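Novice: Pasting a structure below so you can have a look.
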Amino acid sequence: MNMETLIIPCKSRPPAVSLSPRQGRPPELPSRSAVTLPRKPSPLLARLNYISRKGHLAEVIEALDSLAGTGLKISTDTYTDLLDRCIDEKSLHLGRRLHSLISLVEVPDPFAETKLVSMYAKCGSLSEAREVFDGMRERNLFTWSAMIGAFSRDGRSREVVEMFYSMMRDGVFPDAFLLPKILQACGHCEDLETGKLIHSLAIRGGIWGSSRVRNSILTVYTKCGKLSSARRVFESVEERDVVSWNSLISGYTQKGKNSEAYRLFNAMTAEGTQPSPVTWNVLIAGHCQSGNCDAAVELMMEMEAAGLLPDVFTWTSVISGFAQNGRQLRALDLFREMVLAGVKPNGVTLASVISACASLQALNKGQETHTVAVKIGLGDNLLVGNSLIDMYSKCEEAESASRVFNAIGEKDIYSWNSMIGGYFQAGYCGKAHELFLEMQKSDVSPNVITWNVMISGYMQNGDEDQAINLFHKMEEEGKMCRDTASWNSIIAGYAQNGQKDRALGVLRQMQSFGEYPNWVTILSILPSCSNLISFKKVKEIHACVLRRGFHSVLPVANSLIDTYAKSGDIDYSRRVFDVISRRDIITWNSMLSGLVSLGSPHAAIDLFNQMRESGLKPNRGTFVSLLNAYGRAGEVAEGIEVFSSIMKDYLIVPALEHYLAIVDLYGRAGRLEEALDFIEQMPVEPDSSIWLALLTACRVHGNASFALLAAEHLLELEPGNASLQPTIVNTFALCGKSEHAQKLKKLEKDGVPKKIMGQSWTEVGNTVHTFISGSPSKSHSEQLLSWVRDIKQKVGALESSDGGLCIKEEENEEISGIHSEKLAIGFALISSHGTETHPRVRVVKNSRMCMDCHTTAKNISTLYGCEIYLNDTRCLHHFKEGRCSCGDHW
């Protein structure tokens, strides 16, 4: 045949044959021969060979395209060599053009088509790779390897496993080089059954001797949590390498069994296998994932002592561990140490550091990290960029977040969602909506998270109608099935906006639609029920928690302890506390705070001692509750000693709430001069809460001069605080100092109300009833007024006692009418008459309870054998058997 053949330098290739499991890889073919040209090449072919040697791939393909109709043929080696060069240049465009010229191949065979599959996969078009693969008439081991390798590189583990079964049906068995990729996919998607099958096939097929296969099977068992099976495989191997040890150690760390992992680590060194950096990193990462970050740092120091410098993965594990376990400041310190050690951070490191800055709202630190990212060439890293958007948004720097967003070349779904959320966080609902519309026109389509961010954003900004509108449109227009998070966005929004009844209504509606609440749902709604008149709702939610099995979720249990305490039932809090097997600092602090607030200071002190015996280190919140407990118990010396130990023994810098607790401690004991001296020597500027605590102590112990001083400071600090104004005005009036007349006039001039209308609420028969001072409820009004008059005769109206100052927030009942809390208590007791032996009355009031009503409530608890829980603006009162949990100090 007088047809000229163009032969261009090419790579060697194996023959297109299918191998049995025992054959292994074929021997390499001899290296290609020198370029062979026809005896009398045409000038055109000579030119093509010259262009090829110069590496001008596009020109070669252009020339071949122009010769497609001339009868020119090229060898398969030449064709596959050109495809390899497309792969090297990552040129999908040229690869497609070369695919269209496959008819030029002299003798087409499966190897050329296999190379096409590989080219498409490596150039980023997995769909076209699959199309070529599916159209092949003959598929051998190398063809399957190319396709499976492509799916494996793309992280599509499930498709890899499916292709393994298709391959077996096609009569082709994977060799020792391909099996580890399939086993890796089994591990990623936790397909234990396929892993077991391959384990069996590897033994029968004679490739069990491959260490890569053995280690891959071992990894499948560990990733699927089957440590006993992994252990049997491990112990069946006579010569274990470092990869085998690492796989088993990793399995134990993933299960949180760090002690056993460390024992294996020691056994590894004892057997003579030197731990690699990967071994150390696996151990360190395992401790970080378990929250034991301090132990991880100790391991890092051991690693250095063993002669191995911690690498970027070591540092990243530790930094991420501290950041994810609420110790963001320590994470930032470690990042600084890492940079000083000369270790270059990667994208994951920077993302963890930026996330820590976001949690702390540390804008300056975040900006510094942003600068570091730009300097080391990671400024355009997608993971870093997304973290920066989140950080700037949480620091209320929406414009900076927008600049980062616009600078990201190929945005992913997280980029869009973070920026939309950032606009909502800054209150820019219009910009968020515009970006949402822009996203719908982009290459990245909104997902269910996007819709949830939109719904949540509108709820947080008070636009409930728009949020509900989107909630309904989500399925109709967005073609998105609402998930639990969608319902949670509505529930959390209503709860945060103070509409707990609506939140509970949506929760019930959610369940009626067959959508089960998760523990996030519970955490969203419980805080809104943290008041006395929501006790029944708390029990309803608790029942849901038990039905759904969320009682073992620690954040839910912690929230229940706190909510029950704030709802006035410390017994339920204690029951939840006692059944928790693993308690964290929040668990102990919630229980401590509840005991103190409900008048059990000695029980709180005992609980603190139990906490210390358990080995858990107290934090700032723990000491606030402990100091308050000593104050309520009247143990001043012990409280002062604890305060001194905060910095000396625990290296905690006292905050304003600790100073407030000491002022209250002195005030309750009547040691007012010491309280004032303490305030004047405080290293931080006292705020209104400090002076209000002193004023309260002055009112109880009858010190008019100190009360006047405290009132002056309150007026200076918060002249516009409506809840404090009646207290300030009445203090000035009671002291009768002419020099303060001008201040009283200024208050009136500035429009300060002379009084706050007292309101109280109580729940009877699943209905919340509202009472206003001087205005009894329309129903039972005569009966209620008669009851109040009767109580006054039995109890008597006492304005003050023990020499205290009568500083009021409400006018006398002779002027304003009966105070709202008396009406609420009376209504609750009348309504429960005959239905409860020892009724519990729960009342919430919007101002401080006066001394007369406080005394009356104590006496009612004795007369009726009842318990009264009353939450006013100062504290939670628990009246029982003639006493109050506040110790008459509020």
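Naming scheme: A, B, ... for chains in displayed order of the structure tokens; residues 1 onward per chain; ligands 1 onward as shown.
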What lies within 9 Å of A:Pro517 using only C-alpha atoms, ignoring chain neighbours under 4 positions off, as a PyMOL selection string?

Specialist: chain A and resi 484+487-488+507+510-511+521-522+544+548

Novice: As an MDAnalysis selection string, please: the residues near stretch 393-408 of chain A (cut-off 7 Å, only C-alpha atoms, same-chain neighbours under 2 positions excluded).

Specialist: chainID A and resid 358 361 363 380 382 385 388:391 410:411 415 419 422:423 425:426

Novice: Find the spatial neighbours of stretch 674-677 of chain A, counting only C-alpha atoms, within a cut-off of 12 Å - ignore same-chain residues fewer than 3 positions away - and output them as a PyMOL selection string.

Specialist: chain A and resi 636+640+659-671+680-682+686+690-691+693-698+705-707+709-710

Novice: Could you tell me, as a PyMOL selection string, which residues of stretch 556-803 of chain A DSSP assigns to alpha helix (DSSP H) when given the backbone?

Specialist: chain A and resi 556-566+570-579+585-597+601-613+620-633+636-648+656-668+672-681+688-701+704-717+725-735+741-749+781-795

Novice: Quote the spacing between atom CA of A:Ala63 and atom CA of A:Glu131 in Å to one decimal place.

Specialist: 26.8 Å

Novice: Would you list the contacts of A:Phe643 as an NGL selection string, taking every protein, DNA or RNA residue within 10 Å and counting only C-alpha atoms, but skipping same-chain residues closer than 3 positions in sequence?

Specialist: :A and (623-624 or 626-627 or 637-640 or 646-648 or 654 or 658-659 or 661-662)

Novice: List the neighbours of A:Gly251 out to 9 Å using only C-alpha atoms; skip same-chain residues closer than 5 positions along the sequence, and give me the result as a ChimeraX atom specification.

Specialist: /A:219,221-227,230,246,256-257,261

Novice: Go ahead and dump the residues you just picked, C-alpha atoms, as a JSON list (two decimals), in the first residue's frame.

Specialist:
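That gives us selection.json:
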```
[["chain", "number", "residue", "atom", "x", "y", "z"],
["A", 219, "THR", "CA", -7.36, 0.11, 56.90],
["A", 221, "TYR", "CA", -11.50, -2.72, 58.97],
["A", 222, "THR", "CA", -10.25, 0.19, 61.08],
["A", 223, "LYS", "CA", -12.24, 2.80, 59.17],
["A", 224, "CYS", "CA", -15.37, 0.66, 59.51],
["A", 225, "GLY", "CA", -14.77, 0.47, 63.26],
["A", 226, "LYS", "CA", -14.10, -3.29, 63.25],
["A", 227, "LEU", "CA", -11.03, -3.17, 65.43],
["A", 230, "ALA", "CA", -8.28, -5.37, 62.07],
["A", 246, "ASN", "CA", -0.06, 3.26, 61.61],
["A", 256, "GLY", "CA", -11.32, 7.60, 70.91],
["A", 257, "LYS", "CA", -9.28, 4.76, 72.47],
["A", 261, "ALA", "CA", -3.31, 3.52, 70.67]]
```

Novice: Show which residues sit within 10 Å of A:Ala121, as an MDAnalysis selection string. Count only C-alpha atoms, and ignore same-chain residues fewer than 4 positions away.

Specialist: chainID A and resid 87 92 115:117 125:130 146:147 149:151 153:154

Novice: Mind giving me the straight-line distance from atom CA of A:Ile198 to atom CA of A:Val172 in Å, one decimal?

Specialist: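 Between atom CA of A:Ile198 and atom CA of A:Val172 the gap is 13.8 Å.
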
Novice: I'd like the contact shell of A:Ala857 - 9 Å cut-off, only C-alpha atoms, skipping same-chain residues fewer than 6 positions apart - returned as a PyMOL selection string.

Specialist: chain A and resi 822+825+868+879+882+884

Novice: Using Å and a single decimal, report how far atom CA of A:Phe436 sits from atom CA of A:Asn469.

Specialist: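 Computing it gives 15.0 Å between the two atoms.
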
Novice: Considering only C-alpha atoms, can you say which of A:Asn346, A:Ser530, A:Ser552, A:Asn846 comes closest to A:Ser581?

Specialist: A:Ser552

Novice: From the set A:Lys473, A:Lys122, A:Lys73, A:His838, which residue has the shortest atom-to-atom contact distance to A:Val105, counting only C-alpha atoms?

Specialist: A:Lys73

Novice: Just checking: using only C-alpha atoms, which residue out of A:Ser290, A:Ser352, A:Ser781, A:Thr873 ends up closest to A:Gly758?

Specialist: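 For A:Gly758, the nearest of the candidates is A:Thr873.
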
Novice: Which residue, A:Gly209, A:Gly71, A:Gly326, A:Pro277, has the smallest gap to A:Pro310 when you use only C-alpha atoms?

Specialist: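 Using only C-alpha atoms, the shortest distance to A:Pro310 belongs to A:Pro277.
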